[in-house]
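A.B. asks: For reference, the file run_29.tsv (TSV, C-alpha atoms (C1' of nucleotides)) is included below:
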```tsv
chain	number	residue	atom	x	y	z
A	1	MET	CA	159.21	62.48	-69.14
A	2	VAL	CA	155.48	63.02	-68.93
A	3	LEU	CA	155.97	65.16	-65.83
A	4	LEU	CA	158.63	67.18	-67.58
A	5	ALA	CA	156.43	67.68	-70.63
A	6	LEU	CA	153.61	68.95	-68.40
A	7	ILE	CA	155.95	71.46	-66.80
A	8	ARG	CA	157.13	72.69	-70.18
A	9	LEU	CA	153.62	73.06	-71.52
A	10	GLY	CA	152.38	75.13	-68.58
A	11	ASP	CA	148.84	76.31	-69.29
A	12	GLU	CA	148.47	74.18	-72.38
A	13	ALA	CA	149.20	70.90	-70.64
A	14	TYR	CA	146.71	68.27	-71.73
A	15	GLY	CA	146.92	64.86	-73.32
A	16	VAL	CA	147.34	65.69	-76.98
A	17	PRO	CA	150.21	68.20	-76.79
A	18	VAL	CA	152.01	66.06	-74.24
A	19	ALA	CA	152.05	63.25	-76.79
A	20	ARG	CA	153.20	65.64	-79.52
A	21	GLU	CA	156.00	66.91	-77.32
A	22	LEU	CA	157.30	63.48	-76.45
A	23	ARG	CA	157.05	62.32	-80.04
A	24	ALA	CA	159.20	65.26	-81.09
A	25	ILE	CA	161.79	64.90	-78.37
A	26	ARG	CA	162.14	61.15	-78.40
A	27	GLY	CA	161.92	60.95	-82.16
A	28	ARG	CA	159.43	58.14	-82.31
A	29	GLU	CA	155.75	57.34	-82.12
A	30	VAL	CA	153.91	57.65	-78.83
A	31	ALA	CA	150.32	56.44	-78.65
A	32	LEU	CA	147.85	58.69	-76.89
A	33	GLY	CA	146.60	55.79	-74.83
A	34	SER	CA	150.02	55.47	-73.22
A	35	ILE	CA	150.05	59.10	-72.20
A	36	TYR	CA	146.62	59.03	-70.63
A	37	ALA	CA	147.44	55.85	-68.78
A	38	ALA	CA	150.55	57.46	-67.35
A	39	LEU	CA	148.69	60.64	-66.39
A	40	GLU	CA	146.09	58.54	-64.66
A	41	ARG	CA	148.72	56.79	-62.57
A	42	LEU	CA	150.57	59.98	-61.78
A	43	GLU	CA	147.35	61.51	-60.54
A	44	GLY	CA	146.68	58.43	-58.41
A	45	LYS	CA	150.04	58.96	-56.77
A	46	GLY	CA	149.43	62.63	-56.21
A	47	LEU	CA	152.14	63.83	-58.55
A	48	VAL	CA	149.70	65.72	-60.77
A	49	THR	CA	146.20	67.14	-60.50
A	50	SER	CA	143.70	67.61	-63.30
A	51	SER	CA	140.74	69.81	-64.10
A	52	LEU	CA	138.33	69.96	-67.00
A	53	GLY	CA	138.63	73.00	-69.22
A	54	GLU	CA	135.71	74.76	-70.94
A	55	PRO	CA	135.31	73.96	-74.60
A	56	THR	CA	136.88	76.65	-76.72
A	57	PRO	CA	134.37	78.40	-79.02
A	58	GLU	CA	135.06	78.14	-82.76
A	59	ARG	CA	136.69	74.80	-82.44
A	60	GLY	CA	134.51	71.77	-82.03
A	61	GLY	CA	135.60	68.67	-80.23
A	62	ARG	CA	135.49	67.53	-76.67
A	63	ALA	CA	136.66	69.58	-73.69
A	64	ARG	CA	140.26	69.31	-72.61
A	65	ARG	CA	141.49	67.92	-69.38
A	66	PHE	CA	144.34	70.03	-68.10
A	67	PHE	CA	147.07	68.76	-65.83
A	68	ARG	CA	149.37	70.41	-63.33
A	69	VAL	CA	152.36	68.95	-61.57
A	70	THR	CA	152.04	69.07	-57.79
A	71	LYS	CA	154.72	70.16	-55.39
A	72	GLU	CA	155.48	66.54	-54.61
A	73	GLY	CA	155.65	65.79	-58.34
A	74	LEU	CA	158.19	68.53	-58.81
A	75	ARG	CA	160.20	67.23	-55.87
A	76	GLN	CA	160.43	63.78	-57.36
A	77	VAL	CA	161.38	65.06	-60.78
A	78	GLN	CA	164.19	67.05	-59.24
A	79	ALA	CA	165.38	64.12	-57.17
A	80	THR	CA	165.56	61.95	-60.27
A	81	ARG	CA	167.32	64.67	-62.16
A	82	ARG	CA	169.96	64.94	-59.47
A	83	ALA	CA	170.51	61.18	-59.46
A	84	LEU	CA	170.91	61.03	-63.22
A	85	THR	CA	173.12	64.08	-63.39
A	86	THR	CA	175.45	62.50	-60.87
A	87	LEU	CA	175.44	59.20	-62.69
A	88	TRP	CA	176.32	60.52	-66.10
A	89	ARG	CA	179.10	62.81	-64.97
A	90	SER	CA	181.49	60.15	-66.25
A	91	LEU	CA	179.70	59.67	-69.56
A	92	PRO	CA	181.36	60.77	-72.81
A	93	GLU	CA	179.18	63.59	-74.08
A	94	HIS	CA	178.58	62.39	-77.65
A	95	GLU	CA	180.81	60.28	-79.84
A	96	GLY	CA	180.57	62.69	-82.78
A	97	GLY	CA	182.70	65.73	-83.60
A	98	LYS	CA	185.18	63.66	-85.61
A	99	ALA	CA	186.22	66.41	-88.08
B	100	MET	CA	170.67	53.84	-64.34
B	101	VAL	CA	172.12	50.34	-64.41
B	102	LEU	CA	173.87	51.12	-67.68
B	103	LEU	CA	175.27	54.31	-66.22
B	104	ALA	CA	176.47	52.52	-63.12
B	105	LEU	CA	178.27	49.97	-65.28
B	106	ILE	CA	180.02	52.72	-67.17
B	107	ARG	CA	181.10	54.42	-63.97
B	108	LEU	CA	182.41	51.21	-62.48
B	109	GLY	CA	184.53	50.33	-65.48
B	110	ASP	CA	186.62	47.26	-64.67
B	111	GLU	CA	184.84	46.60	-61.42
B	112	ALA	CA	181.40	46.37	-62.96
B	113	TYR	CA	179.54	43.38	-61.56
B	114	GLY	CA	176.29	42.85	-59.71
B	115	VAL	CA	177.20	43.70	-56.16
B	116	PRO	CA	178.90	47.07	-56.69
B	117	VAL	CA	176.22	48.12	-59.17
B	118	ALA	CA	173.66	47.64	-56.43
B	119	ARG	CA	175.82	49.53	-53.96
B	120	GLU	CA	176.23	52.41	-56.39
B	121	LEU	CA	172.53	52.75	-57.06
B	122	ARG	CA	171.68	52.47	-53.40
B	123	ALA	CA	174.04	55.35	-52.66
B	124	ILE	CA	172.89	57.58	-55.48
B	125	ARG	CA	169.17	57.01	-55.20
B	126	GLY	CA	169.26	57.00	-51.43
B	127	ARG	CA	167.17	53.90	-50.94
B	128	GLU	CA	167.30	50.14	-50.86
B	129	VAL	CA	167.89	48.21	-54.08
B	130	ALA	CA	167.65	44.42	-53.96
B	131	LEU	CA	170.35	42.49	-55.73
B	132	GLY	CA	167.77	40.42	-57.55
B	133	SER	CA	166.49	43.52	-59.31
B	134	ILE	CA	169.91	44.34	-60.58
B	135	TYR	CA	170.60	40.89	-61.94
B	136	ALA	CA	167.21	40.76	-63.60
B	137	ALA	CA	167.89	44.08	-65.28
B	138	LEU	CA	171.36	43.02	-66.37
B	139	GLU	CA	169.91	39.85	-67.82
B	140	ARG	CA	167.40	41.80	-69.88
B	141	LEU	CA	169.96	44.32	-71.02
B	142	GLU	CA	172.18	41.52	-72.21
B	143	GLY	CA	169.27	39.95	-74.07
B	144	LYS	CA	168.82	43.21	-75.93
B	145	GLY	CA	172.50	43.49	-76.72
B	146	LEU	CA	173.09	46.58	-74.61
B	147	VAL	CA	175.65	44.84	-72.42
B	148	THR	CA	177.90	41.80	-72.61
B	149	SER	CA	179.15	39.71	-69.75
B	150	SER	CA	182.10	37.47	-68.95
B	151	LEU	CA	183.02	35.39	-65.97
B	152	GLY	CA	186.01	36.59	-64.00
B	153	GLU	CA	188.54	34.37	-62.28
B	154	PRO	CA	188.09	33.98	-58.57
B	155	THR	CA	190.40	36.30	-56.72
B	156	PRO	CA	192.88	34.45	-54.51
B	157	GLU	CA	192.77	35.21	-50.78
B	158	ARG	CA	189.10	35.99	-50.85
B	159	GLY	CA	186.69	33.10	-50.94
B	160	GLY	CA	183.31	33.26	-52.57
B	161	ARG	CA	181.99	32.66	-56.03
B	162	ALA	CA	183.49	34.14	-59.18
B	163	ARG	CA	182.24	37.47	-60.41
B	164	ARG	CA	180.39	38.07	-63.61
B	165	PHE	CA	181.62	41.27	-65.18
B	166	PHE	CA	179.56	43.43	-67.49
B	167	ARG	CA	180.44	45.87	-70.21
B	168	VAL	CA	178.17	48.27	-72.01
B	169	THR	CA	178.12	47.70	-75.76
B	170	LYS	CA	178.35	50.39	-78.40
B	171	GLU	CA	174.63	50.18	-78.93
B	172	GLY	CA	174.10	50.43	-75.18
B	173	LEU	CA	176.14	53.59	-75.06
B	174	ARG	CA	174.20	55.00	-77.98
B	175	GLN	CA	170.92	54.48	-76.24
B	176	VAL	CA	172.12	55.96	-72.98
B	177	GLN	CA	173.25	59.04	-74.83
B	178	ALA	CA	169.99	59.33	-76.73
B	179	THR	CA	168.04	59.20	-73.49
B	180	ARG	CA	170.34	61.69	-71.93
B	181	ARG	CA	169.80	64.12	-74.76
B	182	ALA	CA	166.03	63.73	-74.54
B	183	LEU	CA	166.00	64.36	-70.80
B	184	THR	CA	168.42	67.25	-70.99
B	185	THR	CA	166.17	68.93	-73.52
B	186	LEU	CA	163.08	68.27	-71.47
B	187	TRP	CA	164.34	69.70	-68.25
B	188	ARG	CA	165.81	72.87	-69.70
B	189	SER	CA	162.73	74.64	-68.35
B	190	LEU	CA	162.90	73.04	-64.93
B	191	PRO	CA	163.70	75.15	-61.86
B	192	GLU	CA	167.04	73.83	-60.63
B	193	HIS	CA	166.17	73.22	-56.98
B	194	GLU	CA	163.64	74.99	-54.82
B	195	GLY	CA	166.13	75.67	-52.03
B	196	GLY	CA	168.46	78.61	-51.52
B	197	LYS	CA	165.93	80.52	-49.40
B	198	ALA	CA	168.38	82.34	-47.13
C	199	DG	C1'	182.07	21.36	-43.78
C	200	DA	C1'	181.54	26.21	-42.06
C	201	DT	C1'	181.97	30.77	-44.00
C	202	DT	C1'	182.08	34.17	-47.48
C	203	DT	C1'	180.93	36.27	-51.81
C	204	DA	C1'	178.09	36.23	-55.63
C	205	DT	C1'	174.67	34.73	-58.85
C	206	DT	C1'	170.28	32.46	-60.22
C	207	DC	C1'	165.36	31.40	-59.68
C	208	DA	C1'	160.37	31.81	-59.22
C	209	DA	C1'	156.78	34.67	-58.55
C	210	DC	C1'	154.22	38.88	-58.40
C	211	DA	C1'	153.37	44.04	-58.83
C	212	DA	C1'	153.73	48.07	-61.48
C	213	DT	C1'	154.49	50.59	-65.61
C	214	DA	C1'	154.61	51.13	-70.71
C	215	DG	C1'	152.20	50.92	-74.71
C	216	DC	C1'	148.62	50.20	-78.24
C	217	DG	C1'	144.16	50.13	-80.92
C	218	DA	C1'	139.54	50.73	-80.74
C	219	DA	C1'	135.57	52.55	-78.66
C	220	DC	C1'	133.37	56.39	-76.80
C	221	DA	C1'	132.20	61.49	-75.69
C	222	DA	C1'	131.19	66.09	-76.53
C	223	DA	C1'	131.68	69.99	-79.06
C	224	DT	C1'	130.73	72.64	-83.89
C	225	DG	C1'	128.77	73.52	-88.26
C	226	DA	C1'	126.12	71.94	-92.45
C	227	DC	C1'	122.06	71.38	-94.68
C	228	DG	C1'	117.50	69.78	-95.75
D	229	DC	C1'	114.95	73.74	-86.01
D	230	DG	C1'	116.68	68.70	-86.03
D	231	DT	C1'	120.01	65.35	-86.89
D	232	DC	C1'	124.16	64.01	-88.73
D	233	DA	C1'	128.98	64.35	-90.36
D	234	DT	C1'	133.32	66.17	-88.62
D	235	DT	C1'	136.62	67.39	-85.36
D	236	DT	C1'	139.10	67.12	-81.08
D	237	DG	C1'	139.97	64.64	-76.97
D	238	DT	C1'	139.45	61.20	-73.57
D	239	DT	C1'	138.46	56.51	-71.76
D	240	DC	C1'	138.75	51.39	-71.97
D	241	DG	C1'	140.51	46.75	-72.31
D	242	DC	C1'	144.31	44.21	-72.96
D	243	DT	C1'	149.23	42.59	-73.80
D	244	DA	C1'	154.16	43.23	-73.15
D	245	DT	C1'	157.93	44.78	-70.59
D	246	DT	C1'	160.17	46.23	-66.33
D	247	DG	C1'	160.75	46.50	-61.47
D	248	DT	C1'	161.19	44.18	-57.19
D	249	DT	C1'	161.63	40.82	-53.70
D	250	DG	C1'	162.98	36.69	-50.84
D	251	DA	C1'	164.78	32.40	-50.99
D	252	DA	C1'	167.67	29.03	-53.13
D	253	DT	C1'	171.90	27.77	-55.24
D	254	DA	C1'	176.97	27.97	-56.53
D	255	DA	C1'	181.68	28.21	-56.01
D	256	DA	C1'	185.44	29.76	-53.76
D	257	DT	C1'	188.65	29.78	-49.09
D	258	DC	C1'	190.20	28.05	-44.70
```
Turn this file's structure into structure tokens for me.

C.D. replies:
Amino acid sequence: MVLLALIRLGDEAYGVPVARELRAIRGREVALGSIYAALERLEGKGLVTSSLGEPTPERGGRARRFFRVTKEGLRQVQATRRALTTLWRSLPEHEGGKA
Amino acid sequence: MVLLALIRLGDEAYGVPVARELRAIRGREVALGSIYAALERLEGKGLVTSSLGEPTPERGGRARRFFRVTKEGLRQVQATRRALTTLWRSLPEHEGGKA
DNA sequence: GATTTATTCAACAATAGCGAACAAATGACG
DNA sequence: CGTCATTTGTTCGCTATTGTTGAATAAATC
């Protein structure tokens, strides 16, 4: 999910908005520490790269660390997607729609 | 993925075929121990229930332990599915299709 | 009691997750 | 000018949960 969030965020992919994104989509709290830990590990495995951004004028606060998904990262996301898509072919879409 | 495999397998949902299913779909080895451990934990959380089957005549070997996904289990699978589906809306389908 | 089919066990590695500490900018204000 | 409060983000240390494996055990059939 972190990889997917990075892809969605494109140029604005750094820790804070990734957390915001996942909070919104999963509908529950996500601590920043978790996100950074995951990003760290993903980078260690070569699935993402990172680079420090320049501090934006008129803002204050520390510089951002931007992340990009590598080719290999994208490959793995797609492989997982294919596996899941296959698996939930037989899954009832959503129980709702009663009336 | 274990939950999804159980759903797919329906009446034949027990350890061995779950492992076979995941091996096939993920395209790599999956030890049986992993599967049973996962099933154990899922049962502890109330996402699946289990019941011992009768030994099939003309077969030999220990009785099977069948699993069924609970209502809550199904709910959670669907929630995760929705989250992922949303997340990978912006994902390029597959890099292939070059010529 | 050999063989087959399946499950359980014990241990360790990896990932998820959290709260608090730390870092580096900006802008006030004396 | 300094230095300090504020803001925005990242890093650290630690616990909990999951993933994974190989070997042991169990319960059938012949």

A.B. asks: What residues in chain D lie within 9 Å of chain A, counting all atoms listed in the file, written as a PDB file with C-alpha atoms (C1' of nucleotides), in the coordinates of the input?

C.D. replies:
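Printed below is part.pdb as written:
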```
ATOM      1  C1'  DT D 234     133.320  66.170 -88.620  1.00  0.00           C
ATOM      2  C1'  DT D 235     136.620  67.390 -85.360  1.00  0.00           C
ATOM      3  C1'  DT D 236     139.100  67.120 -81.080  1.00  0.00           C
ATOM      4  C1'  DG D 237     139.970  64.640 -76.970  1.00  0.00           C
ATOM      5  C1'  DT D 238     139.450  61.200 -73.570  1.00  0.00           C
ATOM      6  C1'  DT D 239     138.460  56.510 -71.760  1.00  0.00           C
TER       7       DT D 239
END
```

A.B. asks: Could you please tell me, as a PyMOL selection string, which residues of chain C have an atom within 9 Å of chain A when using all atoms listed in the file?

C.D. replies: chain C and resi 213-217+221-225

A.B. asks: Counting only C-alpha atoms, which of B:Arg119, B:Arg188, B:Lys144, B:Arg167 gets nearest to chain A?

C.D. replies: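 Looking only at the distances to chain A, the closest residue turns out to be B:Arg188.
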
A.B. asks: Considering all atoms listed in the file, give me a table of residues in chain B that are at most 7 Å from chain A, with the closest atom pair and distance in Å for each, as JSON lines.

C.D. replies:
```
{"residue": "B:Leu103", "atom": "CA", "partner": "A:Leu87", "partner_atom": "CA", "distance": 6.0}
{"residue": "B:Ala104", "atom": "CA", "partner": "A:Leu87", "partner_atom": "CA", "distance": 6.8}
{"residue": "B:Arg107", "atom": "CA", "partner": "A:Ser90", "partner_atom": "CA", "distance": 6.2}
{"residue": "B:Ile124", "atom": "CA", "partner": "A:Ala83", "partner_atom": "CA", "distance": 5.9}
{"residue": "B:Arg125", "atom": "CA", "partner": "A:Ala83", "partner_atom": "CA", "distance": 6.1}
{"residue": "B:Gln177", "atom": "CA", "partner": "A:His94", "partner_atom": "CA", "distance": 6.9}
{"residue": "B:Ala182", "atom": "CA", "partner": "A:Ile25", "partner_atom": "CA", "distance": 5.8}
{"residue": "B:Leu186", "atom": "CA", "partner": "A:Leu4", "partner_atom": "CA", "distance": 6.0}
{"residue": "B:Trp187", "atom": "CA", "partner": "A:Leu4", "partner_atom": "CA", "distance": 6.3}
{"residue": "B:Ser189", "atom": "CA", "partner": "A:Arg8", "partner_atom": "CA", "distance": 6.2}
{"residue": "B:His193", "atom": "CA", "partner": "A:Gln78", "partner_atom": "CA", "distance": 6.9}
```

A.B. asks: Expressed in Å to a single decimal, how great is the separation between atom CA of A:Asp11 and atom CA of A:Phe66?

C.D. replies: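 Distance between the two atoms: 7.8 Å.
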
A.B. asks: Tell me, as a PyMOL selection string, which residues lie within 12 Å of C:DA209, counting all atoms listed in the file; anything in the same chain fewer than 6 positions away does not count.

C.D. replies: chain D and resi 248-251

A.B. asks: How far is it from atom CA of B:Leu141 to atom CA of A:Glu29, in Å with one decimal?

C.D. replies: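 It comes out at 22.2 Å.
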
A.B. asks: Atom C1' of D:DC242 to atom C1' of C:DA212: how many Å, to one decimal?

C.D. replies: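 Between atom C1' of D:DC242 and atom C1' of C:DA212 the gap works out to 15.3 Å.
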